[in-house]
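Step one of this worksheet: look at the structure below.
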Amino acid sequence: MQKIIAPSIGTTLDRFIKNRQLHFPYATGELSQLLQDIALACKILNRDVNKAGLVDINGDLGNFNIQGEAQQKLDVIADDRMIRALTNGGQVCAILSEERDELIEVNNESHYIVAMDPLDGSSNIDVGVSIGTIFSIYRRLSEPGEPVNTKDVLQKGKNQIAAGYVLYGSSTMLVYTTGYGVNGFTYEPSLGEFVLSHQNIRSPENGKIYSINEGGYRSFENPIREYINFCKDQKYSARYVGSLVSDFHRNLIKGGIYIYPKSNQAPHGKLRLMYEANALAFIAEQSGGMASDGCTRIMEIQPIEFHQRSPLFIGSKNMVIKALSYID
Ligand code: AHM
Ligand code: MG
């Protein structure tokens, strides 16, 4: 058997993934390949994001995505890049994308389903603010070769076998989990590689940052307003980029809570369960944090439709517990 060398800071993502695979002698390498395909697409996307101010790829394309929101051109490019990489890689049987109404069926002989938000925080694109890519990977329930069905896709978040995000920020980072802790990789542009920079990330159990769009204060329910007032009484710092990946990532590292509650205008909140909340919930829990919709653990929610929305309370464990204590 091949000797397994423990990864250390500076290990490339590809080597890290291969190293993980060696721990599972029966692993076929398909998931490893899939993760590498996603990383490759994100490297290409990183290049696009960095060029967004230089070439004419930012700004509205004039289309609307299925949630009726203005779809910006870079969203379309990101969606296209990801789908192309996953299709060429051959490791997925179906893709669910925030940008597409319908499921995209790919290689029916494959085991895996990817649910993704190719470019999250898209309203921040043309103002140079951090944005991200979010992905969840599930194993299909039906046998390869059979038609992919709705049940294969509408699985609870606790069935995810991997999830991650890429943050296109002051540096570009890929953070992911396969259920054995969370690791973060920073993109080294001169090498064209993601390298391990944040090994076995543990989210602080307590924090002093709260992230919520307080502009909605008057339309939030009383428990949320009361929790916001508590945060102010505690003199917590308010931090809200308006890019979920950025807000989540900061709180993951520094300790904090992100809340997108339901409101009068949005009775189920705004964020999507299948490709925003679940992926980040998996990472939060794997790092010692928590994620809830206000009453149910995010990863226990049974999705009933592809683009379902969910309120989200996510981040440092004790902060989420405290916020939930206001709701009863
Ligand atoms: P998007 O997927 O259309 O980009 O929307 C999701 C984004 C999140 O990144 C962010 O946290 C949230 O929407 C901000 O919404 P709001 O402007 O209502 O606070
Ligand atoms: Mg999004």
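Identifiers in the structure tokens: chain A, B, ... in order shown; residue index from 1 per chain; ligand index from 1 in order shown.
Summary of the local environment: counting only C-alpha atoms, residues at most 7 Å from stretch 188-198 of chain A, other than itself and those fewer than 4 positions away along its chain, are Ile9, Gly10, Thr11, Thr12, Leu13, Asn183 and Gly184 of chain A.
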Can you pull out every residue within 12 Å of A:Gly128, counting only C-alpha atoms, but drop anything in the same chain fewer than 4 positions away, and send it as a compact mmCIF listing (two decimals) with C-alpha atoms, in the first residue's frame?
```txt
# COMPACT_ATOMS: atom_id res chain seq x y z
CA VAL A 49 -13.70 37.83 -12.24
CA ASN A 50 -10.35 39.59 -12.13
CA LYS A 51 -10.84 40.86 -15.65
CA ALA A 52 -14.41 41.98 -15.02
CA GLY A 53 -13.48 45.66 -14.93
CA LEU A 54 -11.21 45.43 -17.96
CA ASN A 58 -19.80 43.12 -16.38
CA GLY A 59 -23.20 44.74 -16.16
CA GLY A 121 -23.39 37.93 -4.68
CA SER A 122 -23.73 38.92 -8.29
CA SER A 123 -25.06 42.38 -7.51
CA ASN A 124 -21.52 43.10 -6.27
CA TYR A 168 -13.00 35.76 -5.13
CA GLY A 169 -11.74 38.38 -2.70
CA SER A 170 -8.54 40.19 -1.80
CA VAL A 241 -20.90 42.66 2.52
CA SER A 243 -22.10 38.47 -0.64
```
Of A:Lys43, A:Arg81, A:His23, A:Lys270, the one nearest to ligand 2 when counting only C-alpha atoms and all ligand atoms is A:Lys270
Check the smallest atom-to-atom distance from each of A:Ile327, A:Ile304, A:Ile125, A:Val175 to A:Arg225 using only C-alpha atoms, then report the winner.
A:Ile327
Close residues to ligand 2 using only C-alpha atoms and all ligand atoms, limit 10 Å, as a list in words
Asp75, Ser97, Glu98, Glu99, Met116, Asp117, Pro118, Leu119, Asp120, Gly121, Ser122, Ser123, Ile131, Gly132, Thr133, Ile134, Ser243, Leu244, Val245, Lys270, Leu271, Arg272, Tyr275, Glu276 and Ala277 of chain A
Fewer than 4 positions away in the same chain doesn't count, so skip those; otherwise give me all residues within 9 Å of A:Ile95, counting only C-alpha atoms, as a ChimeraX atom specification.
/A:83,86,103-106,112-116,153
All alpha helix (DSSP H) residues (DSSP, backbone) inside stretch 151-318 of chain A, as a PyMOL selection string:
chain A and resi 151-153+222-233+244-254+278-286+317-318
Taking C-alpha atoms for each residue, export the selection above as a short mmCIF file (atom, residue, chain, number, x, y, z; two decimals), in the first residue's frame.
```cif
data_model
loop_
_atom_site.label_atom_id
_atom_site.label_comp_id
_atom_site.auth_asym_id
_atom_site.auth_seq_id
_atom_site.Cartn_x
_atom_site.Cartn_y
_atom_site.Cartn_z
CA LYS A 151 -35.61 12.20 -5.63
CA ASP A 152 -31.97 11.87 -6.63
CA VAL A 153 -31.69 15.63 -6.50
CA ASN A 222 -39.99 40.67 16.67
CA PRO A 223 -37.54 37.92 17.73
CA ILE A 224 -35.11 38.98 15.01
CA ARG A 225 -35.39 42.64 15.97
CA GLU A 226 -34.83 41.70 19.61
CA TYR A 227 -31.73 39.70 18.71
CA ILE A 228 -30.39 42.62 16.66
CA ASN A 229 -30.96 44.87 19.68
CA PHE A 230 -29.10 42.34 21.84
CA CYS A 231 -26.15 42.48 19.40
CA LYS A 232 -26.13 46.27 19.68
CA ASP A 233 -26.32 46.10 23.49
CA LEU A 244 -23.01 35.37 1.32
CA VAL A 245 -19.66 33.66 0.72
CA SER A 246 -17.74 36.71 1.97
CA ASP A 247 -19.91 37.23 5.01
CA PHE A 248 -19.87 33.53 5.86
CA HIS A 249 -16.13 33.17 5.35
CA ARG A 250 -15.26 36.15 7.53
CA ASN A 251 -17.47 34.87 10.33
CA LEU A 252 -16.08 31.35 9.95
CA ILE A 253 -12.57 32.61 10.56
CA LYS A 254 -13.20 35.41 13.04
CA ASN A 278 -26.94 23.41 2.59
CA ALA A 279 -23.36 23.77 1.37
CA LEU A 280 -22.51 26.41 3.95
CA ALA A 281 -24.36 24.49 6.67
CA PHE A 282 -22.19 21.44 5.99
CA ILE A 283 -19.05 23.55 6.25
CA ALA A 284 -20.31 25.37 9.35
CA GLU A 285 -21.05 22.12 11.16
CA GLN A 286 -17.80 20.52 10.10
CA LYS A 317 -22.29 27.84 17.58
CA ASN A 318 -23.08 29.88 20.69
#
```
Please report, as a ChimeraX atom specification, each residue of stretch 87-134 of chain A to which DSSP assigns strand (DSSP E or B) when run on this structure's backbone.
/A:92-97,104-105,112-120,131-134
Name all residues at most 9 Å from A:Ser219 (count only C-alpha atoms; drop same-chain ones fewer than 4 positions away) and give them as a list of chain:residue names.
A:Gly215, A:Lys262, A:Ser263, A:Asn264, A:Gln265
Nearest candidate to ligand 1 (options A:Phe24, A:Tyr165, A:Tyr240, A:Tyr326; using only C-alpha atoms and all ligand atoms)
A:Tyr240
Using only C-alpha atoms and all ligand atoms, find the one residue out of A:Val182, A:Leu45, A:Val129, A:Ile38 that sits nearest to ligand 1.
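Nearest to ligand 1: A:Val129.
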Can you tell me, as a PyMOL selection string, what residues are no more than 9 Å from A:Ile209 when counting only C-alpha atoms, ignoring any on the same chain fewer than 6 positions away?
chain A and resi 231+236-239+251+254-258
Taking N, CA and C atoms for each residue, export the selection above as a compact mmCIF listing (two decimals), in the first residue's frame.
```txt
# COMPACT_ATOMS: atom_id res chain seq x y z
N CYS A 231 -27.49 42.33 20.00
CA CYS A 231 -26.15 42.48 19.40
C CYS A 231 -25.64 43.90 19.61
N TYR A 236 -21.55 44.43 19.58
CA TYR A 236 -20.97 43.61 18.52
C TYR A 236 -20.74 44.49 17.29
N SER A 237 -19.86 44.03 16.41
CA SER A 237 -19.64 44.75 15.15
C SER A 237 -20.64 44.27 14.11
N ALA A 238 -21.23 45.21 13.39
CA ALA A 238 -22.11 44.87 12.27
C ALA A 238 -21.26 44.82 11.01
N ARG A 239 -21.29 43.69 10.31
CA ARG A 239 -20.52 43.53 9.07
C ARG A 239 -21.42 42.85 8.05
N ASN A 251 -16.97 35.32 9.04
CA ASN A 251 -17.47 34.87 10.33
C ASN A 251 -16.90 33.50 10.70
N LYS A 254 -13.32 34.49 11.90
CA LYS A 254 -13.20 35.41 13.04
C LYS A 254 -14.21 35.14 14.15
N GLY A 255 -15.28 34.42 13.83
CA GLY A 255 -16.36 34.21 14.79
C GLY A 255 -17.45 35.21 14.55
N GLY A 256 -18.65 34.72 14.26
CA GLY A 256 -19.76 35.63 13.99
C GLY A 256 -20.99 34.86 13.55
N ILE A 257 -22.06 35.61 13.35
CA ILE A 257 -23.30 34.98 12.89
C ILE A 257 -23.80 35.73 11.67
N TYR A 258 -24.32 34.97 10.71
CA TYR A 258 -24.96 35.54 9.52
C TYR A 258 -26.44 35.16 9.60
```
Compile the contact shell of A:Gly289 as an mmCIF file with N, CA and C atoms, in the first residue's frame: residues with an atom at most 8 Å away, counting only C-alpha atoms, same-chain residues fewer than 5 positions apart removed.
```
data_model
loop_
_atom_site.group_PDB
_atom_site.id
_atom_site.type_symbol
_atom_site.label_atom_id
_atom_site.label_comp_id
_atom_site.auth_asym_id
_atom_site.auth_seq_id
_atom_site.Cartn_x
_atom_site.Cartn_y
_atom_site.Cartn_z
ATOM 1 N N SER A 203 -14.241 26.941 13.587
ATOM 2 C CA SER A 203 -14.905 28.229 13.772
ATOM 3 C C SER A 203 -14.956 28.557 15.264
ATOM 4 N N PRO A 204 -14.599 29.779 15.660
ATOM 5 C CA PRO A 204 -14.718 30.124 17.084
ATOM 6 C C PRO A 204 -16.150 29.871 17.569
ATOM 7 N N GLU A 205 -16.300 29.351 18.782
ATOM 8 C CA GLU A 205 -17.659 29.059 19.284
ATOM 9 C C GLU A 205 -18.420 30.333 19.598
ATOM 10 N N ALA A 284 -20.186 24.814 7.989
ATOM 11 C CA ALA A 284 -20.313 25.370 9.350
ATOM 12 C C ALA A 284 -20.244 24.239 10.380
ATOM 13 N N ILE A 314 -26.626 31.172 10.617
ATOM 14 C CA ILE A 314 -25.448 30.315 10.440
ATOM 15 C C ILE A 314 -24.204 30.994 11.023
ATOM 16 N N GLY A 315 -23.351 30.158 11.586
ATOM 17 C CA GLY A 315 -22.079 30.703 12.076
ATOM 18 C C GLY A 315 -21.656 30.088 13.383
ATOM 19 N N SER A 316 -21.016 30.893 14.229
ATOM 20 C CA SER A 316 -20.470 30.417 15.501
ATOM 21 C C SER A 316 -21.578 29.804 16.352
ATOM 22 N N LYS A 317 -21.284 28.649 16.900
ATOM 23 C CA LYS A 317 -22.294 27.843 17.577
ATOM 24 C C LYS A 317 -23.078 28.611 18.651
#
```
Just give me the gap between atom CA of A:Glu214 and atom CA of A:Ala163 in Å, one decimal is fine.
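Between these atoms lies a distance of 28.6 Å.
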What is the atom CA of A:Ile201-atom CA of A:Gln302 distance in Å, reported with one decimal?
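Atom-to-atom, atom CA of A:Ile201 to atom CA of A:Gln302, that is 27.8 Å.
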With distances taken over only C-alpha atoms, which of A:Phe306, A:Asn206, A:Leu273, A:Pro144 is nearest to A:Lys322?
A:Asn206
Determine the nearest neighbour of ligand 1 from the options A:Asn107, A:Thr87, A:Ser310, A:Thr186, counting only C-alpha atoms and all ligand atoms.
A:Ser310
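Atom CA of A:His111 is found 7.8 Å from atom CA of A:Glu143.
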